[in-house]
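So this block is input09.cif, mmCIF, N, CA and C atoms, pLDDT in the B column; chains and numbers go by the auth columns:
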data_entry
#
loop_
_atom_site.group_PDB
_atom_site.id
_atom_site.type_symbol
_atom_site.label_atom_id
_atom_site.label_comp_id
_atom_site.label_asym_id
_atom_site.label_seq_id
_atom_site.Cartn_x
_atom_site.Cartn_y
_atom_site.Cartn_z
_atom_site.B_iso_or_equiv
_atom_site.auth_seq_id
_atom_site.auth_asym_id
ATOM 1 N N MET A 1 43.878 8.039 10.138 71.00 1 A
ATOM 2 C CA MET A 1 42.607 7.360 10.215 71.00 1 A
ATOM 3 C C MET A 1 42.199 6.972 8.794 71.00 1 A
ATOM 4 N N SER A 2 41.665 5.786 8.641 70.00 2 A
ATOM 5 C CA SER A 2 41.196 5.341 7.321 70.00 2 A
ATOM 6 C C SER A 2 39.764 4.834 7.447 70.00 2 A
ATOM 7 N N THR A 3 39.091 4.883 6.324 70.00 3 A
ATOM 8 C CA THR A 3 37.706 4.426 6.265 70.00 3 A
ATOM 9 C C THR A 3 37.584 3.370 5.183 70.00 3 A
ATOM 10 N N VAL A 4 36.893 2.303 5.492 64.00 4 A
ATOM 11 C CA VAL A 4 36.641 1.255 4.516 64.00 4 A
ATOM 12 C C VAL A 4 35.148 1.277 4.206 64.00 4 A
ATOM 13 N N LEU A 5 34.829 1.435 2.926 58.00 5 A
ATOM 14 C CA LEU A 5 33.440 1.395 2.501 58.00 5 A
ATOM 15 C C LEU A 5 33.177 0.072 1.803 58.00 5 A
ATOM 16 N N ARG A 6 32.136 -0.584 2.182 71.00 6 A
ATOM 17 C CA ARG A 6 31.783 -1.857 1.567 71.00 6 A
ATOM 18 C C ARG A 6 30.351 -1.734 1.047 71.00 6 A
ATOM 19 N N PHE A 7 30.190 -1.971 -0.229 81.00 7 A
ATOM 20 C CA PHE A 7 28.869 -1.883 -0.837 81.00 7 A
ATOM 21 C C PHE A 7 28.281 -3.279 -0.980 81.00 7 A
ATOM 22 N N VAL A 8 27.095 -3.441 -0.464 83.00 8 A
ATOM 23 C CA VAL A 8 26.408 -4.722 -0.507 83.00 8 A
ATOM 24 C C VAL A 8 25.062 -4.506 -1.175 83.00 8 A
ATOM 25 N N THR A 9 24.757 -5.343 -2.135 90.00 9 A
ATOM 26 C CA THR A 9 23.458 -5.272 -2.793 90.00 9 A
ATOM 27 C C THR A 9 22.392 -5.859 -1.876 90.00 9 A
ATOM 28 N N HIS A 10 21.279 -5.169 -1.783 89.00 10 A
ATOM 29 C CA HIS A 10 20.170 -5.618 -0.945 89.00 10 A
ATOM 30 C C HIS A 10 18.911 -5.757 -1.790 89.00 10 A
ATOM 31 N N ARG A 11 17.946 -6.448 -1.253 92.00 11 A
ATOM 32 C CA ARG A 11 16.629 -6.530 -1.876 92.00 11 A
ATOM 33 C C ARG A 11 15.592 -6.210 -0.817 92.00 11 A
ATOM 34 N N ILE A 12 14.428 -5.767 -1.271 93.00 12 A
ATOM 35 C CA ILE A 12 13.342 -5.470 -0.352 93.00 12 A
ATOM 36 C C ILE A 12 12.087 -6.197 -0.831 93.00 12 A
ATOM 37 N N ILE A 13 11.422 -6.878 0.101 92.00 13 A
ATOM 38 C CA ILE A 13 10.203 -7.630 -0.212 92.00 13 A
ATOM 39 C C ILE A 13 9.190 -7.388 0.906 92.00 13 A
ATOM 40 N N SER A 14 7.960 -7.765 0.649 91.00 14 A
ATOM 41 C CA SER A 14 6.970 -7.768 1.719 91.00 14 A
ATOM 42 C C SER A 14 7.328 -8.881 2.690 91.00 14 A
ATOM 43 N N HIS A 15 7.262 -8.593 3.956 94.00 15 A
ATOM 44 C CA HIS A 15 7.614 -9.587 4.975 94.00 15 A
ATOM 45 C C HIS A 15 6.665 -10.784 4.863 94.00 15 A
ATOM 46 N N PRO A 16 7.212 -12.002 4.816 91.00 16 A
ATOM 47 C CA PRO A 16 6.365 -13.192 4.654 91.00 16 A
ATOM 48 C C PRO A 16 5.343 -13.368 5.779 91.00 16 A
ATOM 49 N N ALA A 17 5.637 -12.893 6.975 92.00 17 A
ATOM 50 C CA ALA A 17 4.704 -13.040 8.085 92.00 17 A
ATOM 51 C C ALA A 17 3.755 -11.847 8.213 92.00 17 A
ATOM 52 N N GLY A 18 3.966 -10.840 7.383 91.00 18 A
ATOM 53 C CA GLY A 18 3.117 -9.652 7.431 91.00 18 A
ATOM 54 C C GLY A 18 1.969 -9.764 6.451 91.00 18 A
ATOM 55 N N GLU A 19 1.112 -8.760 6.453 90.00 19 A
ATOM 56 C CA GLU A 19 0.027 -8.737 5.480 90.00 19 A
ATOM 57 C C GLU A 19 -0.099 -7.324 4.914 90.00 19 A
ATOM 58 N N VAL A 20 -0.597 -7.252 3.718 91.00 20 A
ATOM 59 C CA VAL A 20 -0.837 -5.970 3.069 91.00 20 A
ATOM 60 C C VAL A 20 -2.193 -5.454 3.516 91.00 20 A
ATOM 61 N N THR A 21 -2.271 -4.175 3.816 95.00 21 A
ATOM 62 C CA THR A 21 -3.560 -3.553 4.080 95.00 21 A
ATOM 63 C C THR A 21 -3.773 -2.443 3.064 95.00 21 A
ATOM 64 N N VAL A 22 -5.029 -2.195 2.753 97.00 22 A
ATOM 65 C CA VAL A 22 -5.363 -1.161 1.782 97.00 22 A
ATOM 66 C C VAL A 22 -6.523 -0.343 2.321 97.00 22 A
ATOM 67 N N SER A 23 -6.488 0.933 1.980 98.00 23 A
ATOM 68 C CA SER A 23 -7.607 1.821 2.293 98.00 23 A
ATOM 69 C C SER A 23 -7.829 2.714 1.084 98.00 23 A
ATOM 70 N N ALA A 24 -8.983 3.353 1.034 98.00 24 A
ATOM 71 C CA ALA A 24 -9.296 4.251 -0.076 98.00 24 A
ATOM 72 C C ALA A 24 -10.096 5.427 0.451 98.00 24 A
ATOM 73 N N GLN A 25 -9.954 6.554 -0.250 98.00 25 A
ATOM 74 C CA GLN A 25 -10.693 7.756 0.103 98.00 25 A
ATOM 75 C C GLN A 25 -11.199 8.394 -1.175 98.00 25 A
ATOM 76 N N CYS A 26 -12.472 8.743 -1.199 98.00 26 A
ATOM 77 C CA CYS A 26 -13.052 9.426 -2.342 98.00 26 A
ATOM 78 C C CYS A 26 -12.454 10.827 -2.429 98.00 26 A
ATOM 79 N N LEU A 27 -12.078 11.253 -3.623 98.00 27 A
ATOM 80 C CA LEU A 27 -11.466 12.557 -3.803 98.00 27 A
ATOM 81 C C LEU A 27 -12.447 13.639 -4.233 98.00 27 A
ATOM 82 N N ASP A 28 -13.727 13.322 -4.283 97.00 28 A
ATOM 83 C CA ASP A 28 -14.716 14.360 -4.562 97.00 28 A
ATOM 84 C C ASP A 28 -14.648 15.399 -3.439 97.00 28 A
ATOM 85 N N ALA A 29 -14.673 16.674 -3.812 94.00 29 A
ATOM 86 C CA ALA A 29 -14.415 17.765 -2.859 94.00 29 A
ATOM 87 C C ALA A 29 -15.307 17.735 -1.625 94.00 29 A
ATOM 88 N N ASP A 30 -16.550 17.365 -1.759 93.00 30 A
ATOM 89 C CA ASP A 30 -17.480 17.436 -0.630 93.00 30 A
ATOM 90 C C ASP A 30 -17.869 16.071 -0.070 93.00 30 A
ATOM 91 N N CYS A 31 -17.103 15.026 -0.381 97.00 31 A
ATOM 92 C CA CYS A 31 -17.554 13.688 -0.029 97.00 31 A
ATOM 93 C C CYS A 31 -17.062 13.231 1.348 97.00 31 A
ATOM 94 N N GLY A 32 -15.858 12.809 1.474 95.00 32 A
ATOM 95 C CA GLY A 32 -15.364 12.297 2.746 95.00 32 A
ATOM 96 C C GLY A 32 -15.517 10.807 2.945 95.00 32 A
ATOM 97 N N TRP A 33 -16.033 10.079 1.940 98.00 33 A
ATOM 98 C CA TRP A 33 -16.211 8.625 2.041 98.00 33 A
ATOM 99 C C TRP A 33 -14.842 7.938 2.099 98.00 33 A
ATOM 100 N N THR A 34 -14.730 6.910 2.929 98.00 34 A
ATOM 101 C CA THR A 34 -13.505 6.114 3.019 98.00 34 A
ATOM 102 C C THR A 34 -13.845 4.633 3.119 98.00 34 A
ATOM 103 N N ALA A 35 -12.882 3.813 2.771 97.00 35 A
ATOM 104 C CA ALA A 35 -12.972 2.358 2.921 97.00 35 A
ATOM 105 C C ALA A 35 -11.696 1.868 3.585 97.00 35 A
ATOM 106 N N GLY A 36 -11.817 0.856 4.440 93.00 36 A
ATOM 107 C CA GLY A 36 -10.639 0.262 5.060 93.00 36 A
ATOM 108 C C GLY A 36 -10.122 1.098 6.221 93.00 36 A
ATOM 109 N N PRO A 37 -8.936 0.766 6.686 96.00 37 A
ATOM 110 C CA PRO A 37 -7.988 -0.193 6.136 96.00 37 A
ATOM 111 C C PRO A 37 -8.354 -1.645 6.476 96.00 37 A
ATOM 112 N N VAL A 38 -8.211 -2.495 5.465 96.00 38 A
ATOM 113 C CA VAL A 38 -8.472 -3.927 5.601 96.00 38 A
ATOM 114 C C VAL A 38 -7.431 -4.706 4.812 96.00 38 A
ATOM 115 N N ALA A 39 -7.321 -5.989 5.085 94.00 39 A
ATOM 116 C CA ALA A 39 -6.366 -6.837 4.380 94.00 39 A
ATOM 117 C C ALA A 39 -6.889 -7.309 3.028 94.00 39 A
ATOM 118 N N ASP A 40 -8.166 -7.182 2.783 93.00 40 A
ATOM 119 C CA ASP A 40 -8.783 -7.675 1.549 93.00 40 A
ATOM 120 C C ASP A 40 -8.796 -6.571 0.484 93.00 40 A
ATOM 121 N N VAL A 41 -7.777 -6.577 -0.373 91.00 41 A
ATOM 122 C CA VAL A 41 -7.639 -5.547 -1.410 91.00 41 A
ATOM 123 C C VAL A 41 -8.844 -5.551 -2.345 91.00 41 A
ATOM 124 N N ALA A 42 -9.312 -6.720 -2.720 95.00 42 A
ATOM 125 C CA ALA A 42 -10.458 -6.825 -3.627 95.00 42 A
ATOM 126 C C ALA A 42 -11.709 -6.216 -3.004 95.00 42 A
ATOM 127 N N ARG A 43 -11.859 -6.352 -1.704 96.00 43 A
ATOM 128 C CA ARG A 43 -13.029 -5.781 -1.021 96.00 43 A
ATOM 129 C C ARG A 43 -13.055 -4.256 -1.153 96.00 43 A
ATOM 130 N N VAL A 44 -11.904 -3.621 -0.987 97.00 44 A
ATOM 131 C CA VAL A 44 -11.829 -2.162 -1.127 97.00 44 A
ATOM 132 C C VAL A 44 -12.126 -1.753 -2.572 97.00 44 A
ATOM 133 N N ASP A 45 -11.633 -2.522 -3.543 96.00 45 A
ATOM 134 C CA ASP A 45 -11.939 -2.223 -4.946 96.00 45 A
ATOM 135 C C ASP A 45 -13.448 -2.274 -5.199 96.00 45 A
ATOM 136 N N VAL A 46 -14.105 -3.300 -4.679 97.00 46 A
ATOM 137 C CA VAL A 46 -15.557 -3.429 -4.846 97.00 46 A
ATOM 138 C C VAL A 46 -16.268 -2.271 -4.139 97.00 46 A
ATOM 139 N N ASP A 47 -15.808 -1.927 -2.948 98.00 47 A
ATOM 140 C CA ASP A 47 -16.413 -0.807 -2.219 98.00 47 A
ATOM 141 C C ASP A 47 -16.291 0.496 -3.017 98.00 47 A
ATOM 142 N N CYS A 48 -15.138 0.731 -3.640 98.00 48 A
ATOM 143 C CA CYS A 48 -14.952 1.938 -4.467 98.00 48 A
ATOM 144 C C CYS A 48 -15.908 1.924 -5.661 98.00 48 A
ATOM 145 N N MET A 49 -16.020 0.784 -6.322 98.00 49 A
ATOM 146 C CA MET A 49 -16.921 0.700 -7.475 98.00 49 A
ATOM 147 C C MET A 49 -18.373 0.890 -7.050 98.00 49 A
ATOM 148 N N SER A 50 -18.741 0.348 -5.904 98.00 50 A
ATOM 149 C CA SER A 50 -20.098 0.543 -5.394 98.00 50 A
ATOM 150 C C SER A 50 -20.351 2.015 -5.070 98.00 50 A
ATOM 151 N N HIS A 51 -19.365 2.677 -4.489 98.00 51 A
ATOM 152 C CA HIS A 51 -19.489 4.102 -4.182 98.00 51 A
ATOM 153 C C HIS A 51 -19.682 4.910 -5.470 98.00 51 A
ATOM 154 N N THR A 52 -18.918 4.569 -6.506 98.00 52 A
ATOM 155 C CA THR A 52 -19.084 5.263 -7.791 98.00 52 A
ATOM 156 C C THR A 52 -20.485 5.033 -8.340 98.00 52 A
ATOM 157 N N GLY A 53 -20.986 3.809 -8.230 98.00 53 A
ATOM 158 C CA GLY A 53 -22.335 3.504 -8.706 98.00 53 A
ATOM 159 C C GLY A 53 -23.400 4.310 -7.991 98.00 53 A
ATOM 160 N N ARG A 54 -23.236 4.512 -6.685 98.00 54 A
ATOM 161 C CA ARG A 54 -24.215 5.261 -5.896 98.00 54 A
ATOM 162 C C ARG A 54 -24.107 6.771 -6.084 98.00 54 A
ATOM 163 N N THR A 55 -22.873 7.280 -6.262 98.00 55 A
ATOM 164 C CA THR A 55 -22.661 8.730 -6.218 98.00 55 A
ATOM 165 C C THR A 55 -22.180 9.343 -7.527 98.00 55 A
ATOM 166 N N GLY A 56 -21.591 8.518 -8.405 97.00 56 A
ATOM 167 C CA GLY A 56 -20.978 9.048 -9.616 97.00 56 A
ATOM 168 C C GLY A 56 -19.564 9.566 -9.396 97.00 56 A
ATOM 169 N N HIS A 57 -19.042 9.461 -8.183 98.00 57 A
ATOM 170 C CA HIS A 57 -17.678 9.919 -7.889 98.00 57 A
ATOM 171 C C HIS A 57 -16.678 8.882 -8.418 98.00 57 A
ATOM 172 N N PRO A 58 -15.818 9.242 -9.385 98.00 58 A
ATOM 173 C CA PRO A 58 -14.967 8.236 -10.018 98.00 58 A
ATOM 174 C C PRO A 58 -13.519 8.187 -9.539 98.00 58 A
ATOM 175 N N THR A 59 -13.098 9.092 -8.653 98.00 59 A
ATOM 176 C CA THR A 59 -11.671 9.208 -8.347 98.00 59 A
ATOM 177 C C THR A 59 -11.408 8.950 -6.863 98.00 59 A
ATOM 178 N N PHE A 60 -10.415 8.081 -6.598 98.00 60 A
ATOM 179 C CA PHE A 60 -10.084 7.671 -5.238 98.00 60 A
ATOM 180 C C PHE A 60 -8.582 7.705 -5.029 98.00 60 A
ATOM 181 N N ALA A 61 -8.178 7.997 -3.805 98.00 61 A
ATOM 182 C CA ALA A 61 -6.788 7.813 -3.393 98.00 61 A
ATOM 183 C C ALA A 61 -6.741 6.484 -2.657 98.00 61 A
ATOM 184 N N ARG A 62 -5.907 5.563 -3.162 97.00 62 A
ATOM 185 C CA ARG A 62 -5.753 4.274 -2.487 97.00 62 A
ATOM 186 C C ARG A 62 -4.396 4.238 -1.814 97.00 62 A
ATOM 187 N N LYS A 63 -4.348 3.658 -0.637 97.00 63 A
ATOM 188 C CA LYS A 63 -3.111 3.542 0.121 97.00 63 A
ATOM 189 C C LYS A 63 -2.876 2.075 0.443 97.00 63 A
ATOM 190 N N TYR A 64 -1.726 1.583 0.013 94.00 64 A
ATOM 191 C CA TYR A 64 -1.318 0.210 0.315 94.00 64 A
ATOM 192 C C TYR A 64 -0.220 0.269 1.366 94.00 64 A
ATOM 193 N N GLU A 65 -0.303 -0.610 2.352 96.00 65 A
ATOM 194 C CA GLU A 65 0.698 -0.617 3.406 96.00 65 A
ATOM 195 C C GLU A 65 1.086 -2.062 3.705 96.00 65 A
ATOM 196 N N ASP A 66 2.381 -2.282 3.870 95.00 66 A
ATOM 197 C CA ASP A 66 2.866 -3.607 4.249 95.00 66 A
ATOM 198 C C ASP A 66 4.076 -3.452 5.164 95.00 66 A
ATOM 199 N N VAL A 67 4.534 -4.568 5.669 95.00 67 A
ATOM 200 C CA VAL A 67 5.774 -4.610 6.440 95.00 67 A
ATOM 201 C C VAL A 67 6.862 -5.065 5.485 95.00 67 A
ATOM 202 N N ALA A 68 7.914 -4.277 5.382 95.00 68 A
ATOM 203 C CA ALA A 68 9.000 -4.583 4.442 95.00 68 A
ATOM 204 C C ALA A 68 10.133 -5.322 5.144 95.00 68 A
ATOM 205 N N LEU A 69 10.787 -6.172 4.388 94.00 69 A
ATOM 206 C CA LEU A 69 11.946 -6.916 4.883 94.00 69 A
ATOM 207 C C LEU A 69 13.098 -6.654 3.915 94.00 69 A
ATOM 208 N N VAL A 70 14.205 -6.107 4.428 91.00 70 A
ATOM 209 C CA VAL A 70 15.396 -5.841 3.616 91.00 70 A
ATOM 210 C C VAL A 70 16.452 -6.863 3.981 91.00 70 A
ATOM 211 N N SER A 71 17.043 -7.496 2.972 89.00 71 A
ATOM 212 C CA SER A 71 18.083 -8.487 3.232 89.00 71 A
ATOM 213 C C SER A 71 19.176 -8.378 2.171 89.00 71 A
ATOM 214 N N PRO A 72 20.422 -8.725 2.530 88.00 72 A
ATOM 215 C CA PRO A 72 21.497 -8.691 1.564 88.00 72 A
ATOM 216 C C PRO A 72 21.329 -9.790 0.512 88.00 72 A
ATOM 217 N N VAL A 73 21.833 -9.521 -0.681 88.00 73 A
ATOM 218 C CA VAL A 73 21.764 -10.485 -1.774 88.00 73 A
ATOM 219 C C VAL A 73 23.170 -11.051 -1.992 88.00 73 A
ATOM 220 N N GLY A 74 23.249 -12.356 -2.106 76.00 74 A
ATOM 221 C CA GLY A 74 24.543 -12.982 -2.390 76.00 74 A
ATOM 222 C C GLY A 74 25.391 -13.197 -1.153 76.00 74 A
ATOM 223 N N PRO A 75 26.643 -13.621 -1.391 66.00 75 A
ATOM 224 C CA PRO A 75 27.531 -13.961 -0.266 66.00 75 A
ATOM 225 C C PRO A 75 28.033 -12.753 0.493 66.00 75 A
#

Kindly return the structure encoded in the file as structure tokens.
Amino acid sequence: MSTVLRFVTHRIISHPAGEVTVSAQCLDADCGWTAGPVADVARVDVDCMSHTGRTGHPTFARKYEDVALVSPVGP
């Protein structure tokens, strides 16, 4: 029995028909504030800055999600 291994270079991109979504969560121990998930990344950024302005909480966990497309590169 023999095995043939073939190595092919691939690339990964965001799927052209998909969209990126983002969400955020305040990391202050007693807070629980969240934003999203929404497709408007800038909106979540503004929401985080507004939350900091209201509460003084400066630290957030942001999560970006998209649909990935993997395809071979070259012939």

Please write as number ranges by chain the full residue list that the PyMOL selection byres (((chain A and resi 44-57 and name CA) around 12) and name CA) yields on this file.
A: 21-43, 58-64

What does the distance between atom C of Ile12 of chain A and atom CA of Glu65 of chain A come to in Å, to one decimal place?
13.4 Å

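We find atom C of Arg6 of chain A and atom CA of Leu69 of chain A to be spaced 19.5 Å apart.
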
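Atom to atom, atom CA of Gly74 of chain A and atom C of Met1 of chain A stand 28.9 Å apart.
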
Per-residue DSSP, chain A, filtered to strand (DSSP E or B), as a ChimeraX atom specification
/A:10-14,21-26,34-38,60-65,68-72

As a PyMOL selection string, which residues of chain A does DSSP assign to helix (DSSP H, G or I)?
chain A and resi 41-55

Residues near His15 of chain A, cut-off 7 Å, all atoms listed in the file, skip fewer than 4 positions along chain, as an MDAnalysis selection string
chainID A and resid 19 66:69

Could you work out an axis-aligned box for segment 32-47 of chain A, taking every atom the file lists and adding 5 Å on each side, and report centre and edge lengths in Å to one decimal, as JSON?
{"center_x": -11.4, "center_y": 2.6, "center_z": 0.7, "size_x": 20.0, "size_y": 30.5, "size_z": 21.9}

I'd like the contact shell of Ser71 of chain A - 5 Å cut-off, only N, CA and C atoms, skipping same-chain residues fewer than 2 positions apart - returned as a PyMOL selection string.
chain A and resi 10-11+69+73
